[in-house]
>>> print(open('input.txt').read())   # compact mmCIF, C-alpha atoms and all ligand atoms
# COMPACT_ATOMS: atom_id res chain seq x y z
CA MET A 1 144.86 99.94 80.49
CA ALA A 2 143.53 97.62 83.20
CA ASP A 3 142.76 99.24 86.56
CA THR A 4 145.68 97.54 88.26
CA ILE A 5 148.56 95.47 86.97
CA ASP A 6 150.53 93.02 89.08
CA ILE A 7 154.27 93.46 88.61
CA LEU A 8 157.26 91.16 89.00
CA LEU A 9 160.57 93.04 89.24
CA LEU A 10 163.88 91.15 88.91
CA GLY A 11 167.04 92.37 90.61
CA SER A 12 168.42 93.44 93.98
CA GLY A 13 170.32 96.70 93.54
CA GLY A 14 169.71 100.37 94.21
CA ARG A 15 168.58 100.58 90.59
CA GLU A 16 165.77 98.13 91.26
CA HIS A 17 164.76 99.91 94.47
CA ALA A 18 164.49 103.14 92.45
CA LEU A 19 162.47 101.35 89.75
CA LEU A 20 160.15 99.94 92.41
CA ARG A 21 159.54 103.33 94.00
CA LYS A 22 158.81 105.01 90.66
CA LEU A 23 156.57 102.18 89.39
CA LYS A 24 154.59 102.41 92.64
CA GLU A 25 153.84 106.07 91.88
CA SER A 26 151.83 104.90 88.85
CA PRO A 27 148.05 104.91 89.29
CA HIS A 28 148.01 101.28 88.09
CA PRO A 29 150.24 98.97 90.17
CA GLY A 30 148.53 96.04 91.85
CA ARG A 31 150.50 93.41 93.78
CA PHE A 32 154.22 93.93 93.59
CA TRP A 33 156.64 91.00 93.61
CA VAL A 34 160.45 91.10 93.61
CA ALA A 35 163.12 88.44 92.99
CA PRO A 36 165.45 88.39 94.79
CA GLY A 37 165.07 91.98 96.10
CA ASN A 38 166.98 93.50 99.03
CA GLY A 39 166.20 94.74 102.53
CA GLY A 40 164.54 97.92 101.28
CA MET A 41 162.60 96.31 98.44
CA LEU A 42 161.32 93.45 100.59
CA ALA A 43 159.89 95.96 103.07
CA GLU A 44 157.79 97.36 100.21
CA ALA A 45 157.00 94.28 98.08
CA GLU A 46 156.52 90.52 98.26
CA ALA A 47 159.31 88.00 97.67
CA ALA A 48 158.99 85.72 94.63
CA PRO A 49 160.97 82.57 95.47
CA ILE A 50 162.51 82.07 92.05
CA ASP A 51 165.91 82.25 90.36
CA GLN A 52 165.96 85.57 88.48
CA ASP A 53 168.27 84.10 85.82
CA SER A 54 166.02 81.14 84.97
CA PRO A 55 163.72 81.84 81.98
CA GLU A 56 161.52 78.85 82.90
CA GLU A 57 161.11 79.77 86.57
CA VAL A 58 160.37 83.43 85.88
CA ALA A 59 157.83 82.67 83.14
CA ALA A 60 156.14 79.97 85.24
CA PHE A 61 155.86 82.24 88.28
CA ALA A 62 154.49 85.08 86.18
CA ARG A 63 151.89 82.79 84.59
CA GLU A 64 150.81 81.20 87.87
CA HIS A 65 150.45 84.55 89.65
CA GLY A 66 148.68 86.49 86.91
CA ILE A 67 151.55 88.96 86.53
CA GLY A 68 150.78 91.69 83.99
CA LEU A 69 154.31 93.03 83.58
CA VAL A 70 157.76 91.59 84.27
CA VAL A 71 160.47 94.25 84.67
CA ILE A 72 164.05 93.00 84.29
CA GLY A 73 166.66 95.13 86.10
CA PRO A 74 170.08 93.48 85.57
CA GLU A 75 171.87 92.21 82.46
CA ALA A 76 172.31 88.53 83.37
CA PRO A 77 168.62 87.54 83.06
CA LEU A 78 168.35 89.54 79.84
CA VAL A 79 171.29 87.76 78.23
CA ALA A 80 169.91 84.44 79.55
CA GLY A 81 166.71 85.02 77.56
CA VAL A 82 164.27 85.66 80.42
CA ALA A 83 162.39 88.29 78.38
CA ASP A 84 161.90 85.80 75.53
CA ALA A 85 160.36 83.22 77.88
CA VAL A 86 158.06 85.78 79.50
CA ARG A 87 156.81 87.07 76.15
CA ALA A 88 156.39 83.50 74.86
CA ALA A 89 154.05 82.98 77.83
CA GLY A 90 151.96 85.91 76.55
CA ILE A 91 153.02 88.28 79.34
CA ALA A 92 154.28 91.83 78.86
CA CYS A 93 157.96 92.33 79.66
CA PHE A 94 160.22 95.35 80.02
CA GLY A 95 163.67 94.41 78.73
CA PRO A 96 165.18 93.27 75.43
CA SER A 97 165.28 89.70 74.09
CA GLY A 98 168.40 87.61 74.61
CA GLU A 99 169.46 88.32 71.05
CA ALA A 100 168.99 92.10 71.40
CA ALA A 101 170.75 92.06 74.80
CA GLN A 102 173.92 91.02 72.94
CA MET A 103 174.42 94.80 72.64
CA GLU A 104 175.71 94.42 76.20
CA GLY A 105 176.48 90.69 76.31
CA SER A 106 179.10 90.84 73.55
CA LYS A 107 181.30 93.86 72.94
CA GLN A 108 182.18 92.41 69.52
CA PHE A 109 178.50 92.14 68.57
CA ALA A 110 177.93 95.75 69.70
CA LYS A 111 180.94 96.99 67.73
CA GLN A 112 179.72 95.24 64.58
CA VAL A 113 176.25 96.78 64.91
CA MET A 114 177.82 100.21 65.46
CA ALA A 115 180.01 99.79 62.38
CA ARG A 116 177.02 98.89 60.19
CA ALA A 117 174.95 101.72 61.67
CA GLY A 118 177.70 104.34 61.27
CA VAL A 119 177.86 105.10 65.00
CA PRO A 120 181.06 106.85 66.20
CA THR A 121 183.08 104.67 68.57
CA ALA A 122 186.73 103.93 69.36
CA ALA A 123 188.65 102.08 66.60
CA TRP A 124 188.91 98.40 67.54
CA GLN A 125 189.99 94.86 66.70
CA SER A 126 188.83 91.63 68.30
CA PHE A 127 190.84 88.46 68.90
CA THR A 128 190.32 84.87 69.97
CA ASP A 129 193.99 84.04 69.39
CA ARG A 130 196.31 85.13 72.19
CA ALA A 131 199.49 85.43 70.08
CA ALA A 132 197.71 87.52 67.43
CA CYS A 133 196.25 89.76 70.15
CA GLU A 134 199.66 90.29 71.79
CA ALA A 135 201.27 91.03 68.44
CA TYR A 136 198.60 93.63 67.70
CA VAL A 137 199.00 95.29 71.11
CA ARG A 138 202.80 95.50 70.56
CA GLU A 139 202.19 96.98 67.12
CA VAL A 140 199.77 99.77 68.21
CA GLY A 141 201.41 100.22 71.65
CA GLY A 142 199.95 102.00 74.71
CA PRO A 143 197.86 103.88 75.65
CA VAL A 144 195.18 101.40 74.62
CA VAL A 145 192.09 99.77 76.14
CA VAL A 146 191.73 95.98 76.51
CA LYS A 147 188.25 94.53 77.10
CA ALA A 148 186.98 91.02 77.80
CA ASP A 149 184.22 90.45 75.25
CA GLY A 150 181.50 89.08 77.53
CA LEU A 151 179.77 90.09 80.78
CA ALA A 152 182.31 90.66 83.57
CA ALA A 153 180.32 92.72 86.10
CA GLY A 154 182.08 95.93 85.05
CA LYS A 155 185.53 94.45 85.74
CA GLY A 156 186.66 93.23 82.31
CA VAL A 157 188.01 96.60 81.08
CA ILE A 158 191.72 97.45 81.37
CA VAL A 159 192.52 101.08 80.55
CA ALA A 160 196.26 100.67 79.88
CA GLN A 161 198.62 103.65 79.70
CA THR A 162 201.55 101.52 78.54
CA THR A 163 202.11 98.55 76.23
CA GLU A 164 203.22 96.49 79.28
CA GLU A 165 199.95 97.20 81.15
CA ALA A 166 198.02 96.31 78.01
CA LEU A 167 199.87 93.00 77.63
CA ALA A 168 199.18 92.23 81.29
CA GLY A 169 195.48 92.90 80.59
CA VAL A 170 195.52 90.59 77.58
CA ALA A 171 197.09 87.89 79.77
CA GLU A 172 194.38 88.38 82.44
CA CYS A 173 191.66 87.89 79.83
CA PHE A 174 193.17 84.80 78.21
CA ASP A 175 194.21 83.31 81.58
CA GLY A 176 190.53 83.20 82.50
CA HIS A 177 190.36 85.98 85.15
CA PHE A 178 186.99 87.00 83.71
CA GLY A 179 185.86 83.44 83.00
CA ALA A 180 184.34 82.70 79.61
CA ALA A 181 183.89 86.47 79.08
CA GLY A 182 187.61 86.75 78.29
CA ALA A 183 187.80 84.07 75.57
CA THR A 184 187.36 86.84 73.01
CA VAL A 185 189.29 90.07 73.60
CA VAL A 186 188.56 93.50 72.12
CA VAL A 187 191.47 95.95 71.86
CA GLU A 188 190.46 99.56 71.26
CA GLU A 189 191.78 103.06 70.87
CA MET A 190 191.86 105.13 74.07
CA LEU A 191 189.45 108.07 73.96
CA ASP A 192 189.69 111.24 75.99
CA GLY A 193 187.04 113.58 77.41
CA PRO A 194 184.25 113.77 80.00
CA GLU A 195 181.91 110.79 80.19
CA CYS A 196 178.13 110.95 79.94
CA SER A 197 175.48 108.25 80.25
CA LEU A 198 172.32 108.52 78.20
CA LEU A 199 169.54 106.08 79.06
CA ALA A 200 166.65 105.83 76.61
CA LEU A 201 163.33 104.01 76.49
CA THR A 202 162.54 102.28 73.23
CA ASP A 203 159.88 100.04 71.72
CA GLY A 204 162.16 98.94 68.87
CA THR A 205 161.19 101.80 66.55
CA THR A 206 160.63 104.93 68.64
CA LEU A 207 163.42 105.96 70.98
CA VAL A 208 162.78 108.45 73.80
CA PRO A 209 165.90 109.71 75.60
CA LEU A 210 165.84 110.11 79.36
CA ALA A 211 167.84 112.83 81.16
CA THR A 212 171.65 112.77 81.00
CA SER A 213 173.67 111.57 83.98
CA GLN A 214 177.27 111.03 84.96
CA ASP A 215 178.61 108.07 86.93
CA HIS A 216 181.80 108.05 89.06
CA LYS A 217 183.39 104.66 88.39
CA ARG A 218 186.60 104.85 90.42
CA ALA A 219 186.56 103.79 94.07
CA TYR A 220 188.28 106.80 95.68
CA ASP A 221 188.17 110.61 95.67
CA GLY A 222 189.81 112.33 92.73
CA ASP A 223 188.95 109.43 90.39
CA ARG A 224 191.67 107.28 91.91
CA GLY A 225 191.67 103.59 92.71
CA PRO A 226 190.08 100.61 90.99
CA ASN A 227 186.99 100.69 88.78
CA THR A 228 183.75 99.83 90.58
CA GLY A 229 180.14 99.39 89.54
CA GLY A 230 179.76 103.13 90.28
CA MET A 231 180.24 105.18 93.47
CA GLY A 232 177.82 108.02 92.76
CA ALA A 233 176.10 109.99 90.03
CA TYR A 234 174.27 113.20 89.25
CA SER A 235 171.73 114.39 86.70
CA PRO A 236 171.53 116.32 84.45
CA VAL A 237 175.10 116.82 83.13
CA PRO A 238 175.48 120.57 82.51
CA ALA A 239 178.57 120.17 80.28
CA VAL A 240 176.49 118.50 77.54
CA THR A 241 175.67 120.90 74.69
CA PRO A 242 172.45 120.56 72.65
CA GLU A 243 174.60 119.36 69.71
CA GLN A 244 176.24 116.68 71.83
CA PHE A 245 172.86 115.58 73.19
CA ALA A 246 171.46 115.30 69.65
CA ALA A 247 174.50 113.28 68.55
CA MET A 248 174.04 110.82 71.43
CA VAL A 249 170.32 110.39 70.66
CA ASP A 250 171.20 109.90 66.98
CA ALA A 251 173.72 107.16 67.87
CA GLU A 252 171.11 105.29 69.91
CA GLN A 253 168.38 105.68 67.29
CA ARG A 254 170.77 104.34 64.64
CA VAL A 255 171.47 101.26 66.73
CA ILE A 256 167.75 100.53 67.19
CA ASP A 257 167.13 101.06 63.46
CA GLN A 258 170.08 98.86 62.49
CA LEU A 259 168.96 96.06 64.75
CA ARG A 260 165.43 96.27 63.31
CA ALA A 261 166.89 96.07 59.79
CA ASP A 262 168.79 92.98 60.98
CA GLY A 263 165.51 91.43 62.14
CA ILE A 264 165.98 92.15 65.86
CA THR A 265 163.43 94.22 67.81
CA TYR A 266 165.16 95.93 70.73
CA SER A 267 162.66 97.03 73.36
CA GLY A 268 163.35 98.20 76.90
CA CYS A 269 166.09 100.55 78.08
CA LEU A 270 169.13 101.21 75.92
CA TYR A 271 172.01 102.70 77.88
CA GLY A 272 174.75 104.42 75.93
CA GLY A 273 178.00 105.20 77.73
CA PHE A 274 179.65 108.07 75.82
CA MET A 275 182.94 109.92 75.87
CA LEU A 276 182.47 113.57 74.83
CA THR A 277 185.59 113.81 72.67
CA ALA A 278 186.84 116.85 70.74
CA GLU A 279 185.38 115.17 67.64
CA GLY A 280 181.97 114.72 69.24
CA PRO A 281 180.42 112.01 71.43
CA LYS A 282 181.78 108.50 70.87
CA VAL A 283 180.33 105.30 72.31
CA LEU A 284 182.32 103.51 75.04
CA GLU A 285 179.75 100.80 75.52
CA PHE A 286 176.09 99.97 75.31
CA ASN A 287 174.16 98.33 78.12
CA ALA A 288 170.82 96.60 77.67
CA ARG A 289 169.33 97.89 80.92
CA PHE A 290 169.10 100.87 83.24
CA GLY A 291 172.41 102.03 84.73
CA ASP A 292 173.29 101.66 88.37
CA PRO A 293 173.65 104.25 90.01
CA GLU A 294 172.44 106.45 87.09
CA THR A 295 168.84 105.26 87.55
CA GLN A 296 168.86 106.57 91.10
CA VAL A 297 169.35 110.14 89.82
CA VAL A 298 167.37 109.92 86.58
CA LEU A 299 164.12 108.39 87.86
CA PRO A 300 163.56 110.80 90.79
CA ARG A 301 163.36 113.60 88.18
CA PHE A 302 161.03 111.61 85.89
CA ARG A 303 157.50 112.96 85.59
CA GLY A 304 155.03 110.60 84.01
CA ASP A 305 153.61 107.13 84.45
CA LEU A 306 156.60 104.79 84.27
CA LEU A 307 154.39 101.69 84.29
CA GLU A 308 152.47 102.97 81.27
CA ALA A 309 155.73 103.84 79.47
CA PHE A 310 157.16 100.35 80.16
CA LEU A 311 154.02 98.69 78.78
CA ALA A 312 154.23 100.95 75.71
CA CYS A 313 157.82 99.76 75.11
CA ASP A 314 156.54 96.19 75.04
CA THR A 315 153.56 96.86 72.76
CA GLY A 316 155.34 99.16 70.30
CA THR A 317 153.30 102.24 71.26
CA LEU A 318 155.92 104.40 73.01
CA SER A 319 155.66 108.14 72.43
CA ALA A 320 157.75 111.11 73.55
CA ASP A 321 154.85 112.68 75.47
CA GLN A 322 155.02 109.81 77.99
CA VAL A 323 158.26 111.25 79.34
CA ALA A 324 158.77 114.59 81.11
CA TRP A 325 161.24 116.00 83.62
CA ASP A 326 161.21 118.31 86.56
CA ASP A 327 163.84 121.04 86.62
CA ASP A 328 165.53 119.92 89.83
CA TRP A 329 168.99 118.42 90.15
CA ALA A 330 169.60 114.98 91.57
CA ILE A 331 172.69 113.44 93.10
CA THR A 332 173.32 110.03 94.63
CA VAL A 333 176.23 109.04 96.87
CA VAL A 334 176.97 105.34 97.27
CA LEU A 335 177.75 104.07 100.77
CA ALA A 336 179.87 100.94 100.29
CA SER A 337 181.37 98.29 102.55
CA ALA A 338 185.05 98.70 103.52
CA GLY A 339 187.18 96.86 100.96
CA TYR A 340 184.76 97.20 98.02
CA PRO A 341 185.35 96.57 95.07
CA GLY A 342 187.65 93.91 96.59
CA SER A 343 186.50 91.55 99.34
CA TYR A 344 184.42 92.95 102.19
CA GLU A 345 182.56 91.81 105.30
CA LYS A 346 178.77 91.51 105.49
CA GLY A 347 176.25 91.57 108.30
CA LYS A 348 176.98 95.02 109.77
CA LEU A 349 174.04 96.77 111.46
CA ILE A 350 172.95 99.93 109.60
CA SER A 351 171.57 102.92 111.52
CA GLY A 352 170.12 106.26 110.49
CA ILE A 353 168.25 105.46 107.26
CA ASP A 354 164.92 106.75 108.61
CA GLU A 355 166.53 109.93 109.99
CA ALA A 356 168.23 110.57 106.65
CA GLU A 357 164.98 110.14 104.72
CA LYS A 358 163.33 112.78 106.91
CA LEU A 359 165.58 115.43 105.32
CA GLU A 360 163.82 117.33 102.57
CA GLY A 361 164.37 115.86 99.12
CA VAL A 362 166.29 112.83 100.40
CA THR A 363 165.59 109.22 99.43
CA VAL A 364 167.78 106.30 100.46
CA TYR A 365 167.66 103.53 97.88
CA GLN A 366 168.90 100.25 99.28
CA ALA A 367 171.27 97.93 97.43
CA GLY A 368 173.37 95.39 99.38
CA THR A 369 171.09 95.20 102.43
CA LYS A 370 169.17 92.51 104.23
CA LEU A 371 166.34 92.65 106.76
CA GLY A 372 167.39 90.81 109.91
CA GLU A 373 165.01 88.61 111.91
CA ASP A 374 165.02 91.43 114.47
CA GLY A 375 163.47 93.72 111.83
CA ARG A 376 166.63 95.81 111.55
CA THR A 377 168.65 96.37 108.36
CA TYR A 378 172.11 94.85 107.85
CA THR A 379 174.75 95.13 105.13
CA SER A 380 174.90 92.22 102.68
CA GLY A 381 176.82 93.52 99.68
CA GLY A 382 179.58 95.78 98.37
CA ARG A 383 177.44 98.75 97.43
CA VAL A 384 175.07 99.08 100.38
CA LEU A 385 172.99 102.27 100.04
CA ASP A 386 172.44 105.03 97.48
CA VAL A 387 171.84 108.25 99.37
CA THR A 388 169.95 110.45 96.93
CA ALA A 389 168.90 114.09 97.13
CA VAL A 390 166.84 116.25 94.78
CA ALA A 391 166.94 120.07 95.02
CA PRO A 392 166.61 123.20 92.87
CA THR A 393 170.40 123.57 92.52
CA LEU A 394 173.15 120.98 92.26
CA GLN A 395 174.97 122.56 95.22
CA GLU A 396 171.90 122.24 97.45
CA ALA A 397 171.31 118.66 96.31
CA ARG A 398 174.92 117.80 97.03
CA ASP A 399 174.95 119.43 100.48
CA GLN A 400 171.71 117.68 101.39
CA ALA A 401 172.95 114.27 100.18
CA TYR A 402 176.15 114.54 102.22
CA ARG A 403 174.16 115.71 105.26
CA ALA A 404 172.09 112.55 104.88
CA CYS A 405 175.26 110.42 104.49
CA ASP A 406 176.48 111.76 107.84
CA LEU A 407 173.31 110.54 109.55
CA ILE A 408 173.78 106.96 108.35
CA ASP A 409 176.31 104.64 109.91
CA PHE A 410 177.59 101.09 109.69
CA GLU A 411 180.98 99.58 110.47
CA GLY A 412 183.35 100.17 107.53
CA LYS A 413 181.16 102.75 105.74
CA GLN A 414 183.12 103.86 102.65
CA LEU A 415 182.13 106.72 100.32
CA ARG A 416 183.46 109.27 97.88
CA HIS A 417 183.32 112.88 99.05
CA ASP A 418 183.56 114.47 95.62
CA ILE A 419 180.49 113.29 93.72
CA ALA A 420 179.47 115.92 91.13
CA HIS A 421 182.68 117.93 91.70
CA ARG A 422 183.17 118.22 87.95
CA ALA A 423 179.84 119.97 87.52
CA LEU A 424 180.26 122.48 90.36
P1 LIG A 501 182.96 100.14 79.77
O1 LIG A 501 182.50 99.07 80.74
O2 LIG A 501 183.27 99.62 78.43
O3 LIG A 501 182.12 101.38 79.79
O4 LIG A 501 184.33 100.65 80.39
C1 LIG A 501 184.42 101.06 81.76
C2 LIG A 501 185.17 102.36 81.83
O5 LIG A 501 186.45 102.24 81.21
C3 LIG A 501 184.48 103.50 81.09
O6 LIG A 501 183.52 104.12 81.85
C4 LIG A 501 185.67 104.41 80.80
O7 LIG A 501 186.01 105.17 81.94
C5 LIG A 501 186.78 103.43 80.54
N1 LIG A 501 186.89 103.17 79.08
C6 LIG A 501 186.27 102.21 78.36
N2 LIG A 501 186.60 102.28 77.05
C7 LIG A 501 187.45 103.32 76.92
C8 LIG A 501 188.14 103.92 75.83
N3 LIG A 501 188.03 103.45 74.58
N4 LIG A 501 188.92 104.99 76.07
C9 LIG A 501 189.07 105.46 77.35
N5 LIG A 501 188.45 104.94 78.41
C10 LIG A 501 187.65 103.89 78.24
N1 LIG A 502 176.95 102.64 86.10
C1 LIG A 502 177.49 101.70 85.20
C2 LIG A 502 176.58 100.64 84.80
O1 LIG A 502 175.43 100.57 85.19
O2 LIG A 502 177.00 99.79 84.01
>>> encode(input="input.txt", output="structure tokens")
Amino acid sequence: MADTIDILLLGSGGREHALLRKLKESPHPGRFWVAPGNGGMLAEAEAAPIDQDSPEEVAAFAREHGIGLVVIGPEAPLVAGVADAVRAAGIACFGPSGEAAQMEGSKQFAKQVMARAGVPTAAWQSFTDRAACEAYVREVGGPVVVKADGLAAGKGVIVAQTTEEALAGVAECFDGHFGAAGATVVVEEMLDGPECSLLALTDGTTLVPLATSQDHKRAYDGDRGPNTGGMGAYSPVPAVTPEQFAAMVDAEQRVIDQLRADGITYSGCLYGGFMLTAEGPKVLEFNARFGDPETQVVLPRFRGDLLEAFLACDTGTLSADQVAWDDDWAITVVLASAGYPGSYEKGKLISGIDEAEKLEGVTVYQAGTKLGEDGRTYTSGGRVLDVTAVAPTLQEARDQAYRACDLIDFEGKQLRHDIAHRAL
């Protein structure tokens, strides 16, 4: 490997801030560019003035600046084919091709791959015809889950207890509430059990699982309120048995192998969202990227050279010995703007980040933040900060994270107080 490698990282969430921090621990990073970044990332890296979703702009910037590795955080640039353009320019890229990213970009595509690969998932049907979809929902009845086929920023899933709720969900999809994502609708069986996320690195052949984690998707304490992008997470998930872990790894390996047999190399991070049902783990969804906020609890426990592992994913040389874990527990608590996941105000002054980070084991990853001209940090998004703590026990990590949350303030600060309650 070259002595130093200049990196361009796409994205602006807490996930990307966590990726930046871990990549910087590598012995090899050179100049570090981000697009668009956030308040925290831009204090630690340079801004690349490009549109992260434009394959041409990203590839041109990478070529002109001698970038050695482009790391793609979010799904939109992946589905737009940014990785294809970067690789076509002869530059290493972490993230799957546009075709491979259909594992996240189209629920129907993912379901078809799973069916061919023999991966356990909820029974499903997909529809482009509204009347046929409504007739099917009436036939199977609630409880049932209705999903817009395409990317809908985590919002296109309606978990319906009754047939009426399901029909309302179908109407939302076909009435265009999720834009083009809802033109095809997937209706699936409702599964029951605890959820577990398993992120894995892969070069298209070898798949190396990362540590398990659990997200908290609902907005309010007690898993009430609307679904969000995620309000907190912890790692590892103690409820997962070795058999369940092996079954989740097997599901992900099968997907990679199936895609390869179909002529598609999937390299990057494969994120499986699983329900641990009485019949074993079943897939809820696949994502083509790291999870947010799962990354913020998985990467702090990662021991190894993440930059080297990312390059190995691109070159087809990934091996299990590139990944190791420390035994600590990690938890992250999201501090959100009042009103999230609905509408919220921006531009609120944030205080206490530095004080919080002085606590042992605490890191504050920034998400929806902006550096003001006065050098201070302001809110600029729904999920603002990911207050993360690592400690020898989950209880200590949790206490420390909430202590840190108390030190941070901004007008309208909203958080869940029960992150990791299921594991304690
Ligand atoms: P997804 O974006 O597909 O992971 O769905 C978002 C959330 O909806 C998941 O984390 C689950 O809590 C829930 N969900 C999705 N599919 C199902 C299902 N088949 N059965 C029960 N809950 C589901
Ligand atoms: N934490 C959910 C996601 O990243 O999609």
>>> residues_near_ligand(input="input.txt", ligand="ligand LIG 501 (chain A)", cutoff="8 Å", atoms="only C-alpha atoms and all ligand atoms", output="number ranges by chain")
A: 121-122, 144-145, 147, 154-159, 188-192, 195, 217, 227, 273, 275, 284-286
>>> residues_near_ligand(input="input.txt", ligand="ligand LIG 502 (chain A)", cutoff="7 Å", atoms="all atoms listed in the file", output="PDB file with C-alpha atoms, keeping the file's coordinate frame")
ATOM      1  CA  GLY A 154     182.080  95.930  85.050  1.00  0.00           C
ATOM      2  CA  ASP A 215     178.610 108.070  86.930  1.00  0.00           C
ATOM      3  CA  GLY A 229     180.140  99.390  89.540  1.00  0.00           C
ATOM      4  CA  GLY A 230     179.760 103.130  90.280  1.00  0.00           C
ATOM      5  CA  ASN A 287     174.160  98.330  78.120  1.00  0.00           C
ATOM      6  CA  PHE A 290     169.100 100.870  83.240  1.00  0.00           C
ATOM      7  CA  GLY A 291     172.410 102.030  84.730  1.00  0.00           C
ATOM      8  CA  ASP A 292     173.290 101.660  88.370  1.00  0.00           C
ATOM      9  CA  PRO A 293     173.650 104.250  90.010  1.00  0.00           C
ATOM     10  CA  GLU A 294     172.440 106.450  87.090  1.00  0.00           C
TER      11      GLU A 294
END
>>> atom_distance(input="input.txt", atom1="CA of Asp399 (chain A)", atom2="CA of Gln296 (chain A)")
17.0 Å
>>> residues_near_point(input="input.txt", point="(168.5, 87.8, 97.1)", cutoff="9 Å", atoms="all atoms listed in the file", output="compact mmCIF listing (two decimals) with C-alpha atoms, in the frame of the given file")
# COMPACT_ATOMS: atom_id res chain seq x y z
CA GLY A 11 167.04 92.37 90.61
CA SER A 12 168.42 93.44 93.98
CA ALA A 35 163.12 88.44 92.99
CA PRO A 36 165.45 88.39 94.79
CA GLY A 37 165.07 91.98 96.10
CA ASN A 38 166.98 93.50 99.03
CA LYS A 370 169.17 92.51 104.23
>>> closest_residue(input="input.txt", among="A:Pro74, A:Ala338, A:Leu8, A:Gly204", to="Gly263 (chain A)", atoms="only C-alpha atoms")
A:Gly204
>>> atom_distance(input="input.txt", atom1="CA of Leu10 (chain A)", atom2="CA of Ala48 (chain A)")
9.3 Å
>>> closest_residue(input="input.txt", among="A:Arg87, A:Lys282, A:Arg31, A:His65", to="Met114 (chain A)", atoms="all atoms listed in the file")
A:Lys282
>>> atom_distance(input="input.txt", atom1="CA of Val240 (chain A)", atom2="CA of His417 (chain A)")
23.3 Å
>>> closest_residue(input="input.txt", among="A:Tyr234, A:Asp314, A:Arg383, A:Pro120", to="Gly280 (chain A)", atoms="only C-alpha atoms")
A:Pro120
>>> residues_near_point(input="input.txt", point="(197.5, 85.1, 74.4)", cutoff="9 Å", atoms="all atoms listed in the file", output="number ranges by chain")
A: 128-134, 167, 170-171, 173-175
>>> closest_residue(input="input.txt", among="A:Ala261, A:Val387, A:Ala100, A:Ala233", to="Asp406 (chain A)", atoms="all atoms listed in the file")
A:Val387
>>> residues_around(input="input.txt", residues="Pro29 (chain A)", least_positions_apart="5", cutoff="8 Å", atoms="all atoms listed in the file", output="compact mmCIF listing (two decimals) with C-alpha atoms, in the coordinates of the input")
# COMPACT_ATOMS: atom_id res chain seq x y z
CA THR A 4 145.68 97.54 88.26
CA ILE A 5 148.56 95.47 86.97
CA ASP A 6 150.53 93.02 89.08
CA ILE A 7 154.27 93.46 88.61
CA LEU A 23 156.57 102.18 89.39
CA LYS A 24 154.59 102.41 92.64
CA LEU A 307 154.39 101.69 84.29
>>> residues_around(input="input.txt", residues="region 340-351 of chain A", least_positions_apart="3", cutoff="8 Å", atoms="all atoms listed in the file", output="count of residues only")
18
>>> closest_residue(input="input.txt", among="A:Ala309, A:Ala80, A:Ala43, A:Val237", to="Gln102 (chain A)", atoms="all atoms listed in the file")
A:Ala80
>>> closest_residue(input="input.txt", among="A:Gly118, A:Cys405, A:Leu69, A:Arg398", to="Gln258 (chain A)", atoms="only C-alpha atoms")
A:Gly118
>>> axis_aligned_box(input="input.txt", around="region 47-55 of chain A", padding_each_side="4 Å", output="JSON")
{"center_x": 163.6, "center_y": 84.6, "center_z": 89.8, "size_x": 17.3, "size_y": 14.9, "size_z": 23.7}
>>> residues_around(input="input.txt", residues="Gln244 (chain A)", least_positions_apart="2", cutoff="10 Å", atoms="only C-alpha atoms", output="number ranges by chain")
A: 239-242, 246-250, 276-277, 280-282
>>> write_last_selection(input="input.txt", atoms="C-alpha atoms", output="short mmCIF file (atom, residue, chain, number, x, y, z; two decimals), in the coordinates of the input")
data_model
loop_
_atom_site.label_atom_id
_atom_site.label_comp_id
_atom_site.auth_asym_id
_atom_site.auth_seq_id
_atom_site.Cartn_x
_atom_site.Cartn_y
_atom_site.Cartn_z
CA ALA A 239 178.57 120.17 80.28
CA VAL A 240 176.49 118.50 77.54
CA THR A 241 175.67 120.90 74.69
CA PRO A 242 172.45 120.56 72.65
CA ALA A 246 171.46 115.30 69.65
CA ALA A 247 174.50 113.28 68.55
CA MET A 248 174.04 110.82 71.43
CA VAL A 249 170.32 110.39 70.66
CA ASP A 250 171.20 109.90 66.98
CA LEU A 276 182.47 113.57 74.83
CA THR A 277 185.59 113.81 72.67
CA GLY A 280 181.97 114.72 69.24
CA PRO A 281 180.42 112.01 71.43
CA LYS A 282 181.78 108.50 70.87
#
>>> residues_around(input="input.txt", residues="Asp149 (chain A)", least_positions_apart="2", cutoff="10 Å", atoms="all atoms listed in the file", output="list of chain:residue names")
A:Glu104, A:Gly105, A:Ser106, A:Lys107, A:Gln108, A:Phe109, A:Ala110, A:Ser126, A:Phe127, A:Thr128, A:Val146, A:Lys147, A:Leu151, A:Ala152, A:Gly156, A:Val157, A:Cys173, A:Phe178, A:Ala180, A:Ala181, A:Gly182, A:Ala183, A:Thr184, A:Val185, A:Val186, A:Val187
>>> residues_around(input="input.txt", residues="Leu19 (chain A)", least_positions_apart="3", cutoff="8 Å", atoms="all atoms listed in the file", output="list of chain:residue names")
A:Arg15, A:Glu16, A:Lys22, A:Leu23, A:Thr295, A:Leu299
